[in-house]
Every structure is written in C-alpha cells, then in structure tokens.
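Asks: First, the structure itself, so that you have it in front of you.
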Amino acid sequence: MTILGLQNLIQSATVEDTVDLKSICQKLKIKIRMDDSSQDLCKIGQNSDKQIIIWLNSSLDQKTKFTFVAIAVADYMLDSDRVCKQGVVYDMFFLRDLNANKATKLIMLATRLAMPEHIIEKLSNALEVQFSKDNKETFDADAYVRDSKFLPEFVRCAIKESTSIFLMDNLKNKYEH
C-alpha cells in the first residue's frame, strides 16, 4: 500500500478524535475471533478458508485486545505474505518491548490505525512541553492516555508524522484503496 492509499484508508475511518479500527478491519476483510483454547495472547493468520483472522485470548482486558488488533492489522498491511504463509504470534514480551520498538514501521503504523494524526501531533507536543519551560499546551495528554481504549504504553509510542513519514515512506503492499 502506498502512503497515499494508507492515508486514505485511515482518513476514511477517522471520525473526529478517533479511528474506527473495526471499519479498517472490515475494509481489509480481517475477522476477529476470541480463542479460549490458545495459550497465545494474540495471533494473526489465515484459517482453513483462506480468511485473515486475528485470534485474541478471551482472558485479555479490552485495552490489550484493542492494542493487539491495531498491531496485528499493521503487521498484515506491512507483510501480508508472512501473515498468510506462517502467521504471527504476539506475547507479553512483545508488549513489554513496545517503547523500545516505537520507531519501527510496525508500531508507527499501528499507532496511526489507533489514533488520528492530529491527536498524535498533540500527544507528541504535550510530551515535549513537559520537558521545556514553555508550558502553553492545553491538550491533557495524561487524560487522553488514561481514557484511551488502547494500552497506555502503546499510546505513548506515537511519533509525529514528520518523523514517521520518513521511515514509512517506502511502505508497499498489494492492498491499494
């Protein structure tokens, strides 16, 4: 998917301060299923009918489920062949390392599937203001992080577009919208 196609997909699912991740899953024909039998927290791959499925362990809390869905969808968009051929499994160690991996294409794309660019910009600016003397920022980043439907450590991984666009510029995929 080109940057323009990706931006159009996200923009079409953005309503005010939220991105409708369910809408993105529907457009990409990704199904979400709860899996009580699996020891894995989350996995994405093809089922026997060649449908892309995200299986979530039903014991997970809502914020963790939403976070895994954003990450799994991003993984599929970045490397659909790997997801289709072998699948991808996520565990608690993956979540623990989110901050260390925030500059990867996977996490940059996942945060954009979870939050609109203008919110990411506000979050980034608010975090920068915390470390400077100029404290004119009115956006309450702590409240946004606390009230988000995603894990706080995931929300804090958001990087401004000016930084991320450089790293994601060569994103290619067969899914053009």
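Ordered as shown in the structure tokens, chains take letters A, B, and onward, while each chain numbers its residues from 1 and ligands are numbered from 1 in the order shown.
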Residues of region 48-109 of chain A in strand (DSSP E or B) according to DSSP, as JSON, numbers by chain?

Replies: {"A": [52, 53, 54, 55, 56, 88, 89, 90]}

Asks: Please provide the set of residues having any atom within 9 Å of Ile32 (chain A), restricted to only C-alpha atoms, with same-chain residues fewer than 2 positions apart removed, written as a list of chain:residue names.

Replies: A:Cys25, A:Ile30, A:Met34, A:Ile52, A:Ile53, A:Ile54, A:Trp55, A:Leu56, A:Val69

Asks: Residues of the last selection are to be written out with N, CA and C atoms, as an mmCIF file, in the first residue's frame.

Replies:
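Everything below was put into part_9.cif:
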```
data_model
loop_
_atom_site.group_PDB
_atom_site.id
_atom_site.type_symbol
_atom_site.label_atom_id
_atom_site.label_comp_id
_atom_site.auth_asym_id
_atom_site.auth_seq_id
_atom_site.Cartn_x
_atom_site.Cartn_y
_atom_site.Cartn_z
ATOM 1 N N CYS A 25 -10.674 -3.011 9.650
ATOM 2 C CA CYS A 25 -10.673 -4.482 9.558
ATOM 3 C C CYS A 25 -11.684 -4.954 8.519
ATOM 4 N N ILE A 30 -10.564 -8.511 7.395
ATOM 5 C CA ILE A 30 -9.930 -9.183 8.533
ATOM 6 C C ILE A 30 -11.010 -9.461 9.570
ATOM 7 N N MET A 34 -12.417 -14.645 19.257
ATOM 8 C CA MET A 34 -11.903 -14.955 20.591
ATOM 9 C C MET A 34 -11.499 -16.431 20.589
ATOM 10 N N ILE A 52 -8.343 -14.016 6.576
ATOM 11 C CA ILE A 52 -7.403 -13.477 7.558
ATOM 12 C C ILE A 52 -8.153 -13.316 8.874
ATOM 13 N N ILE A 53 -7.603 -13.921 9.924
ATOM 14 C CA ILE A 53 -8.239 -13.913 11.237
ATOM 15 C C ILE A 53 -7.244 -13.418 12.273
ATOM 16 N N ILE A 54 -7.741 -12.574 13.173
ATOM 17 C CA ILE A 54 -6.987 -12.212 14.377
ATOM 18 C C ILE A 54 -7.647 -12.973 15.515
ATOM 19 N N TRP A 55 -6.901 -13.884 16.120
ATOM 20 C CA TRP A 55 -7.398 -14.633 17.270
ATOM 21 C C TRP A 55 -6.870 -13.966 18.532
ATOM 22 N N LEU A 56 -7.781 -13.619 19.438
ATOM 23 C CA LEU A 56 -7.422 -12.993 20.706
ATOM 24 C C LEU A 56 -7.778 -13.932 21.853
ATOM 25 N N VAL A 69 -5.097 -5.798 18.255
ATOM 26 C CA VAL A 69 -5.756 -5.710 16.951
ATOM 27 C C VAL A 69 -5.043 -4.672 16.080
#
```

Asks: Would you mind listing, for every residue of region 98-144 of chain A within 8 Å of region 155-160 of chain A, the two atoms forming the shortest contact and the distance between them in Å to one decimal, using only C-alpha atoms, sorted by chain and ascending residue number, as CSV?

Replies:
```
residue,atom,partner,partner_atom,distance
A:Leu98,CA,A:Cys157,CA,7.2
A:Asn99,CA,A:Cys157,CA,5.8
A:Lys102,CA,A:Cys157,CA,5.2
A:Ala103,CA,A:Ile159,CA,7.5
A:Ile107,CA,A:Cys157,CA,7.4
A:Met108,CA,A:Ala158,CA,6.7
A:Thr111,CA,A:Ala158,CA,5.8
A:Arg112,CA,A:Ala158,CA,7.9
A:Glu117,CA,A:Lys160,CA,7.8
A:Ile120,CA,A:Ala158,CA,5.9
A:Glu121,CA,A:Lys160,CA,5.4
A:Leu123,CA,A:Ala158,CA,7.6
A:Ser124,CA,A:Lys160,CA,6.3
```

Asks: Can you work out which one of A:Lys22, A:Lys122, A:Lys50, A:Arg146 has the shortest atom-to-atom distance to Phe66 (chain A), counting only C-alpha atoms?

Replies: A:Lys22

Asks: Taking the backbone alone, and naming residues the way the document does, which bits of region 3-164 of chain A are alpha helix (DSSP H) by DSSP, as a PyMOL selection string?

Replies: chain A and resi 3-12+21-27+62-78+80-85+92-96+105-114+117-129+141-147+152-155+161-164

Asks: Can you pull out every residue within 9 Å of Asp17 (chain A), counting only C-alpha atoms, but drop anything in the same chain fewer than 3 positions away, and send it as a short mmCIF file (atom, residue, chain, number, x, y, z; two decimals) with N, CA and C atoms, in the first residue's frame?

Replies:
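File written: result.cif
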```
data_model
loop_
_atom_site.label_atom_id
_atom_site.label_comp_id
_atom_site.auth_asym_id
_atom_site.auth_seq_id
_atom_site.Cartn_x
_atom_site.Cartn_y
_atom_site.Cartn_z
N THR A 14 -11.58 7.70 10.05
CA THR A 14 -11.40 8.67 11.13
C THR A 14 -12.66 9.52 11.31
N MET A 115 -5.02 5.98 16.36
CA MET A 115 -5.23 7.39 16.69
C MET A 115 -5.04 8.25 15.45
N PRO A 116 -5.89 9.27 15.28
CA PRO A 116 -5.70 10.17 14.13
C PRO A 116 -4.41 10.97 14.26
N HIS A 118 -3.81 14.12 14.00
CA HIS A 118 -3.87 15.35 14.80
C HIS A 118 -3.78 15.05 16.30
N ILE A 119 -4.25 13.90 16.73
CA ILE A 119 -4.11 13.51 18.14
C ILE A 119 -2.66 13.11 18.43
#
```

Asks: Looking at A:Asp79, A:Asn57, A:Lys149, A:Ala70, which one is nearest to Ser38 (chain A), with distances taken over only C-alpha atoms?

Replies: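 Of A:Asp79, A:Asn57, A:Lys149, A:Ala70, the one nearest Ser38 (chain A) is A:Asn57, counting only C-alpha atoms.
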
Asks: Could you give me, as a short mmCIF file (atom, residue, chain, number, x, y, z; two decimals) with all heavy atoms, in the first residue's frame, the residues within 12 Å of Ile71 (chain A), counting only C-alpha atoms and dropping anything in the same chain fewer than 2 positions from it?

Replies:
```
data_model
loop_
_atom_site.label_atom_id
_atom_site.label_comp_id
_atom_site.auth_asym_id
_atom_site.auth_seq_id
_atom_site.Cartn_x
_atom_site.Cartn_y
_atom_site.Cartn_z
N LEU A 21 -11.16 1.35 14.06
CA LEU A 21 -10.34 0.19 13.70
C LEU A 21 -11.20 -0.95 13.15
O LEU A 21 -10.77 -1.68 12.26
CB LEU A 21 -9.52 -0.26 14.91
CG LEU A 21 -8.44 -1.28 14.70
CD1 LEU A 21 -7.46 -0.88 13.59
CD2 LEU A 21 -7.68 -1.53 15.99
N CYS A 25 -10.67 -3.01 9.65
CA CYS A 25 -10.67 -4.48 9.56
C CYS A 25 -11.68 -4.95 8.52
O CYS A 25 -11.39 -5.86 7.73
CB CYS A 25 -10.99 -5.10 10.92
SG CYS A 25 -9.66 -4.97 12.11
N CYS A 42 -2.33 -13.35 21.31
CA CYS A 42 -2.89 -12.91 20.04
C CYS A 42 -2.10 -13.55 18.91
O CYS A 42 -0.89 -13.75 19.02
CB CYS A 42 -2.81 -11.39 19.93
SG CYS A 42 -3.39 -10.71 18.36
N LYS A 43 -2.81 -13.86 17.84
CA LYS A 43 -2.13 -14.32 16.64
C LYS A 43 -2.97 -13.90 15.45
O LYS A 43 -4.18 -13.73 15.53
CB LYS A 43 -1.87 -15.82 16.65
CG LYS A 43 -3.09 -16.69 16.74
CD LYS A 43 -2.71 -18.16 16.85
CE LYS A 43 -3.95 -18.99 17.13
NZ LYS A 43 -3.65 -20.40 17.30
N ILE A 44 -2.29 -13.69 14.33
CA ILE A 44 -2.96 -13.36 13.07
C ILE A 44 -2.45 -14.31 12.01
O ILE A 44 -1.26 -14.63 11.96
CB ILE A 44 -2.74 -11.88 12.65
CG1 ILE A 44 -3.53 -11.57 11.36
CG2 ILE A 44 -1.28 -11.54 12.53
CD1 ILE A 44 -3.56 -10.09 10.99
N ILE A 54 -7.74 -12.57 13.17
CA ILE A 54 -6.99 -12.21 14.38
C ILE A 54 -7.65 -12.97 15.52
O ILE A 54 -8.83 -12.77 15.80
CB ILE A 54 -7.03 -10.69 14.66
CG1 ILE A 54 -6.38 -9.91 13.51
CG2 ILE A 54 -6.34 -10.39 16.00
CD1 ILE A 54 -6.54 -8.41 13.62
N THR A 64 -5.87 -4.23 26.08
CA THR A 64 -4.88 -5.12 25.47
C THR A 64 -5.41 -5.69 24.17
O THR A 64 -4.67 -5.78 23.17
CB THR A 64 -4.49 -6.25 26.46
OG1 THR A 64 -4.05 -5.66 27.69
CG2 THR A 64 -3.39 -7.12 25.89
N LYS A 65 -6.68 -6.06 24.13
CA LYS A 65 -7.29 -6.58 22.90
C LYS A 65 -7.22 -5.53 21.79
O LYS A 65 -6.80 -5.83 20.66
CB LYS A 65 -8.73 -6.99 23.14
CG LYS A 65 -8.89 -8.27 23.93
CD LYS A 65 -10.35 -8.57 24.19
CE LYS A 65 -10.51 -9.78 25.08
NZ LYS A 65 -11.91 -10.03 25.46
N PHE A 66 -7.65 -4.30 22.08
CA PHE A 66 -7.61 -3.24 21.07
C PHE A 66 -6.18 -3.00 20.58
O PHE A 66 -5.95 -2.81 19.39
CB PHE A 66 -8.20 -1.94 21.62
CG PHE A 66 -9.69 -1.84 21.49
CD1 PHE A 66 -10.50 -1.93 22.60
CD2 PHE A 66 -10.29 -1.65 20.24
CE1 PHE A 66 -11.88 -1.84 22.50
CE2 PHE A 66 -11.66 -1.56 20.12
CZ PHE A 66 -12.47 -1.65 21.26
N THR A 67 -5.23 -3.01 21.50
CA THR A 67 -3.83 -2.79 21.14
C THR A 67 -3.34 -3.89 20.22
O THR A 67 -2.71 -3.62 19.18
CB THR A 67 -2.96 -2.69 22.41
OG1 THR A 67 -3.43 -1.60 23.21
CG2 THR A 67 -1.50 -2.48 22.06
N PHE A 68 -3.61 -5.14 20.57
CA PHE A 68 -3.19 -6.25 19.72
C PHE A 68 -3.83 -6.19 18.34
O PHE A 68 -3.19 -6.51 17.34
CB PHE A 68 -3.48 -7.59 20.38
CG PHE A 68 -2.40 -8.08 21.31
CD1 PHE A 68 -2.71 -8.57 22.57
CD2 PHE A 68 -1.07 -8.07 20.92
CE1 PHE A 68 -1.72 -9.03 23.43
CE2 PHE A 68 -0.07 -8.54 21.77
CZ PHE A 68 -0.40 -9.02 23.02
N VAL A 69 -5.10 -5.80 18.26
CA VAL A 69 -5.76 -5.71 16.95
C VAL A 69 -5.04 -4.67 16.08
O VAL A 69 -4.75 -4.93 14.91
CB VAL A 69 -7.27 -5.40 17.09
CG1 VAL A 69 -7.88 -5.04 15.74
CG2 VAL A 69 -7.99 -6.60 17.69
N VAL A 73 -3.19 -5.82 12.64
CA VAL A 73 -3.61 -5.24 11.35
C VAL A 73 -2.41 -4.57 10.67
O VAL A 73 -2.20 -4.73 9.47
CB VAL A 73 -4.79 -4.26 11.52
CG1 VAL A 73 -5.07 -3.49 10.24
CG2 VAL A 73 -6.04 -5.01 11.98
N ALA A 74 -1.63 -3.84 11.45
CA ALA A 74 -0.44 -3.19 10.89
C ALA A 74 0.53 -4.24 10.34
O ALA A 74 1.09 -4.07 9.25
CB ALA A 74 0.25 -2.32 11.95
N ASP A 75 0.72 -5.32 11.07
CA ASP A 75 1.60 -6.40 10.62
C ASP A 75 1.11 -6.97 9.29
O ASP A 75 1.90 -7.21 8.37
CB ASP A 75 1.67 -7.51 11.67
CG ASP A 75 3.08 -7.94 12.00
OD1 ASP A 75 4.00 -7.65 11.21
OD2 ASP A 75 3.27 -8.57 13.05
N TYR A 76 -0.18 -7.17 9.19
CA TYR A 76 -0.76 -7.69 7.95
C TYR A 76 -0.55 -6.71 6.79
O TYR A 76 -0.20 -7.11 5.68
CB TYR A 76 -2.25 -7.98 8.15
CG TYR A 76 -2.95 -8.42 6.89
CD1 TYR A 76 -2.65 -9.65 6.30
CD2 TYR A 76 -3.91 -7.62 6.29
CE1 TYR A 76 -3.28 -10.06 5.13
CE2 TYR A 76 -4.55 -8.03 5.13
CZ TYR A 76 -4.24 -9.25 4.56
OH TYR A 76 -4.87 -9.64 3.41
N MET A 77 -0.74 -5.43 7.05
CA MET A 77 -0.58 -4.42 6.00
C MET A 77 0.88 -4.32 5.54
O MET A 77 1.15 -4.08 4.37
CB MET A 77 -1.08 -3.07 6.49
CG MET A 77 -2.59 -3.05 6.70
SD MET A 77 -3.15 -1.52 7.44
CE MET A 77 -3.12 -0.47 5.98
N LEU A 78 1.80 -4.51 6.46
CA LEU A 78 3.22 -4.41 6.13
C LEU A 78 3.76 -5.66 5.44
O LEU A 78 4.64 -5.57 4.59
CB LEU A 78 4.04 -4.11 7.38
CG LEU A 78 3.86 -2.72 7.97
CD1 LEU A 78 4.47 -2.64 9.36
CD2 LEU A 78 4.46 -1.67 7.05
N VAL A 88 1.53 -14.81 12.57
CA VAL A 88 2.35 -14.09 13.54
C VAL A 88 1.70 -14.23 14.91
O VAL A 88 0.48 -14.08 15.05
CB VAL A 88 2.47 -12.59 13.17
CG1 VAL A 88 3.32 -11.84 14.18
CG2 VAL A 88 3.05 -12.43 11.77
N VAL A 89 2.52 -14.50 15.92
CA VAL A 89 2.05 -14.67 17.29
C VAL A 89 2.65 -13.57 18.15
O VAL A 89 3.83 -13.23 18.01
CB VAL A 89 2.46 -16.06 17.84
CG1 VAL A 89 2.07 -16.21 19.29
CG2 VAL A 89 1.86 -17.17 16.99
N TYR A 90 1.83 -13.02 19.04
CA TYR A 90 2.27 -11.95 19.96
C TYR A 90 2.12 -12.44 21.39
O TYR A 90 1.13 -13.09 21.73
CB TYR A 90 1.44 -10.69 19.76
CG TYR A 90 1.36 -10.25 18.32
CD1 TYR A 90 0.29 -10.62 17.52
CD2 TYR A 90 2.37 -9.48 17.75
CE1 TYR A 90 0.21 -10.24 16.19
CE2 TYR A 90 2.31 -9.10 16.42
CZ TYR A 90 1.22 -9.48 15.65
OH TYR A 90 1.15 -9.11 14.33
N ASP A 91 3.09 -12.06 22.23
CA ASP A 91 3.04 -12.45 23.64
C ASP A 91 3.32 -11.24 24.53
O ASP A 91 3.47 -10.12 24.04
CB ASP A 91 4.05 -13.58 23.91
CG ASP A 91 5.48 -13.20 23.54
OD1 ASP A 91 5.80 -11.99 23.43
OD2 ASP A 91 6.29 -14.12 23.36
N PHE A 94 6.41 -9.18 23.79
CA PHE A 94 6.23 -8.21 22.71
C PHE A 94 5.68 -6.90 23.27
O PHE A 94 6.17 -5.82 22.95
CB PHE A 94 5.28 -8.77 21.65
CG PHE A 94 5.02 -7.83 20.52
CD1 PHE A 94 5.88 -7.76 19.45
CD2 PHE A 94 3.92 -6.98 20.55
CE1 PHE A 94 5.66 -6.87 18.41
CE2 PHE A 94 3.69 -6.08 19.52
CZ PHE A 94 4.56 -6.03 18.44
N LEU A 95 4.67 -6.99 24.12
CA LEU A 95 4.09 -5.77 24.71
C LEU A 95 5.10 -5.05 25.60
O LEU A 95 5.12 -3.83 25.64
CB LEU A 95 2.84 -6.12 25.53
CG LEU A 95 1.60 -6.48 24.74
CD1 LEU A 95 0.45 -6.80 25.69
CD2 LEU A 95 1.20 -5.37 23.77
N LEU A 98 7.33 -2.57 23.67
CA LEU A 98 6.70 -1.59 22.78
C LEU A 98 7.51 -0.31 22.66
O LEU A 98 7.77 0.17 21.56
CB LEU A 98 5.29 -1.24 23.26
CG LEU A 98 4.18 -2.21 22.89
CD1 LEU A 98 2.87 -1.78 23.52
CD2 LEU A 98 4.04 -2.32 21.39
N ASN A 101 10.52 -0.37 20.58
CA ASN A 101 10.24 -0.57 19.16
C ASN A 101 9.36 0.51 18.54
O ASN A 101 8.86 0.34 17.44
CB ASN A 101 9.58 -1.94 18.96
CG ASN A 101 10.51 -3.06 19.31
OD1 ASN A 101 11.64 -3.10 18.85
ND2 ASN A 101 10.04 -3.97 20.13
N LYS A 102 9.19 1.63 19.22
CA LYS A 102 8.25 2.64 18.74
C LYS A 102 8.67 3.29 17.42
O LYS A 102 7.82 3.80 16.70
CB LYS A 102 7.99 3.70 19.80
CG LYS A 102 9.11 4.67 20.07
CD LYS A 102 8.68 5.63 21.15
CE LYS A 102 9.73 6.66 21.46
NZ LYS A 102 9.25 7.57 22.49
N THR A 104 9.78 1.60 14.88
CA THR A 104 9.66 0.62 13.80
C THR A 104 8.43 0.93 12.96
O THR A 104 7.48 1.56 13.43
CB THR A 104 9.54 -0.82 14.36
OG1 THR A 104 8.32 -0.92 15.10
CG2 THR A 104 10.73 -1.19 15.23
N LYS A 105 8.45 0.47 11.72
CA LYS A 105 7.29 0.67 10.85
C LYS A 105 6.04 0.07 11.46
O LYS A 105 4.95 0.63 11.35
CB LYS A 105 7.54 0.05 9.48
CG LYS A 105 8.51 0.80 8.63
CD LYS A 105 8.65 0.11 7.28
CE LYS A 105 9.68 0.81 6.44
NZ LYS A 105 9.80 0.19 5.11
N LEU A 106 6.18 -1.08 12.10
CA LEU A 106 5.04 -1.77 12.68
C LEU A 106 4.33 -0.91 13.71
O LEU A 106 3.12 -0.70 13.64
CB LEU A 106 5.47 -3.10 13.30
CG LEU A 106 4.36 -3.87 14.03
CD1 LEU A 106 3.25 -4.26 13.07
CD2 LEU A 106 4.95 -5.08 14.73
N ILE A 107 5.06 -0.38 14.66
CA ILE A 107 4.44 0.40 15.74
C ILE A 107 3.98 1.76 15.22
O ILE A 107 2.92 2.26 15.61
CB ILE A 107 5.39 0.54 16.95
CG1 ILE A 107 5.74 -0.86 17.51
CG2 ILE A 107 4.76 1.40 18.04
CD1 ILE A 107 4.56 -1.72 17.91
N MET A 108 4.74 2.36 14.31
CA MET A 108 4.30 3.64 13.75
C MET A 108 2.98 3.48 13.00
O MET A 108 2.08 4.32 13.12
CB MET A 108 5.37 4.24 12.85
CG MET A 108 6.51 4.83 13.65
SD MET A 108 7.68 5.72 12.62
CE MET A 108 8.46 4.38 11.74
N LEU A 109 2.86 2.41 12.22
CA LEU A 109 1.61 2.19 11.51
C LEU A 109 0.49 1.83 12.48
O LEU A 109 -0.63 2.34 12.37
CB LEU A 109 1.79 1.09 10.45
CG LEU A 109 0.54 0.72 9.65
CD1 LEU A 109 -0.10 1.95 9.00
CD2 LEU A 109 0.90 -0.34 8.61
N ALA A 110 0.78 0.98 13.44
CA ALA A 110 -0.25 0.56 14.41
C ALA A 110 -0.81 1.76 15.19
O ALA A 110 -2.02 1.84 15.40
CB ALA A 110 0.32 -0.47 15.37
N THR A 111 0.05 2.69 15.58
CA THR A 111 -0.45 3.86 16.32
C THR A 111 -1.35 4.71 15.42
O THR A 111 -2.33 5.29 15.89
CB THR A 111 0.67 4.72 16.92
OG1 THR A 111 1.59 5.11 15.89
CG2 THR A 111 1.40 3.98 18.03
N ARG A 112 -1.06 4.75 14.14
CA ARG A 112 -1.91 5.51 13.20
C ARG A 112 -3.23 4.81 12.91
O ARG A 112 -4.20 5.44 12.55
CB ARG A 112 -1.15 5.80 11.91
CG ARG A 112 -0.35 7.06 12.10
CD ARG A 112 0.94 7.13 11.36
NE ARG A 112 1.60 8.36 11.77
CZ ARG A 112 2.32 8.49 12.88
NH1 ARG A 112 2.48 7.47 13.70
NH2 ARG A 112 2.88 9.64 13.18
N LEU A 113 -3.26 3.51 13.07
CA LEU A 113 -4.51 2.78 12.95
C LEU A 113 -5.36 2.94 14.21
O LEU A 113 -6.56 2.65 14.19
CB LEU A 113 -4.25 1.29 12.70
CG LEU A 113 -3.57 0.94 11.39
CD1 LEU A 113 -3.18 -0.53 11.36
CD2 LEU A 113 -4.45 1.30 10.20
N ALA A 114 -4.74 3.41 15.27
CA ALA A 114 -5.43 3.58 16.55
C ALA A 114 -5.81 5.02 16.85
O ALA A 114 -6.81 5.27 17.54
CB ALA A 114 -4.53 3.06 17.68
N PHE A 150 -6.79 1.97 24.22
CA PHE A 150 -5.56 1.22 23.99
C PHE A 150 -4.68 1.28 25.23
O PHE A 150 -4.84 2.16 26.08
CB PHE A 150 -4.81 1.79 22.79
CG PHE A 150 -5.61 1.72 21.51
CD1 PHE A 150 -6.41 2.78 21.11
CD2 PHE A 150 -5.59 0.57 20.74
CE1 PHE A 150 -7.16 2.70 19.95
CE2 PHE A 150 -6.34 0.48 19.58
CZ PHE A 150 -7.13 1.55 19.18
N LEU A 151 -3.72 0.38 25.33
CA LEU A 151 -2.79 0.37 26.46
C LEU A 151 -2.01 1.67 26.52
O LEU A 151 -1.56 2.18 25.48
CB LEU A 151 -1.81 -0.80 26.33
CG LEU A 151 -2.39 -2.20 26.52
CD1 LEU A 151 -1.34 -3.25 26.16
CD2 LEU A 151 -2.87 -2.40 27.94
N PHE A 154 1.28 1.76 24.72
CA PHE A 154 1.12 1.80 23.26
C PHE A 154 0.83 3.23 22.81
O PHE A 154 1.44 3.72 21.86
CB PHE A 154 0.00 0.85 22.84
CG PHE A 154 -0.35 0.91 21.39
CD1 PHE A 154 0.51 0.40 20.43
CD2 PHE A 154 -1.55 1.46 20.97
CE1 PHE A 154 0.19 0.44 19.08
CE2 PHE A 154 -1.88 1.50 19.62
CZ PHE A 154 -1.01 0.99 18.68
N VAL A 155 -0.09 3.91 23.47
CA VAL A 155 -0.44 5.28 23.11
C VAL A 155 0.79 6.19 23.19
O VAL A 155 1.01 7.04 22.33
CB VAL A 155 -1.58 5.82 24.01
CG1 VAL A 155 -1.86 7.28 23.73
CG2 VAL A 155 -2.84 4.98 23.81
#
```

Asks: Looking at only C-alpha atoms, which of A:Gly87, A:Pro152, A:Gly45, A:Tyr144 is the one that sits closest to Thr18 (chain A)?

Replies: A:Tyr144
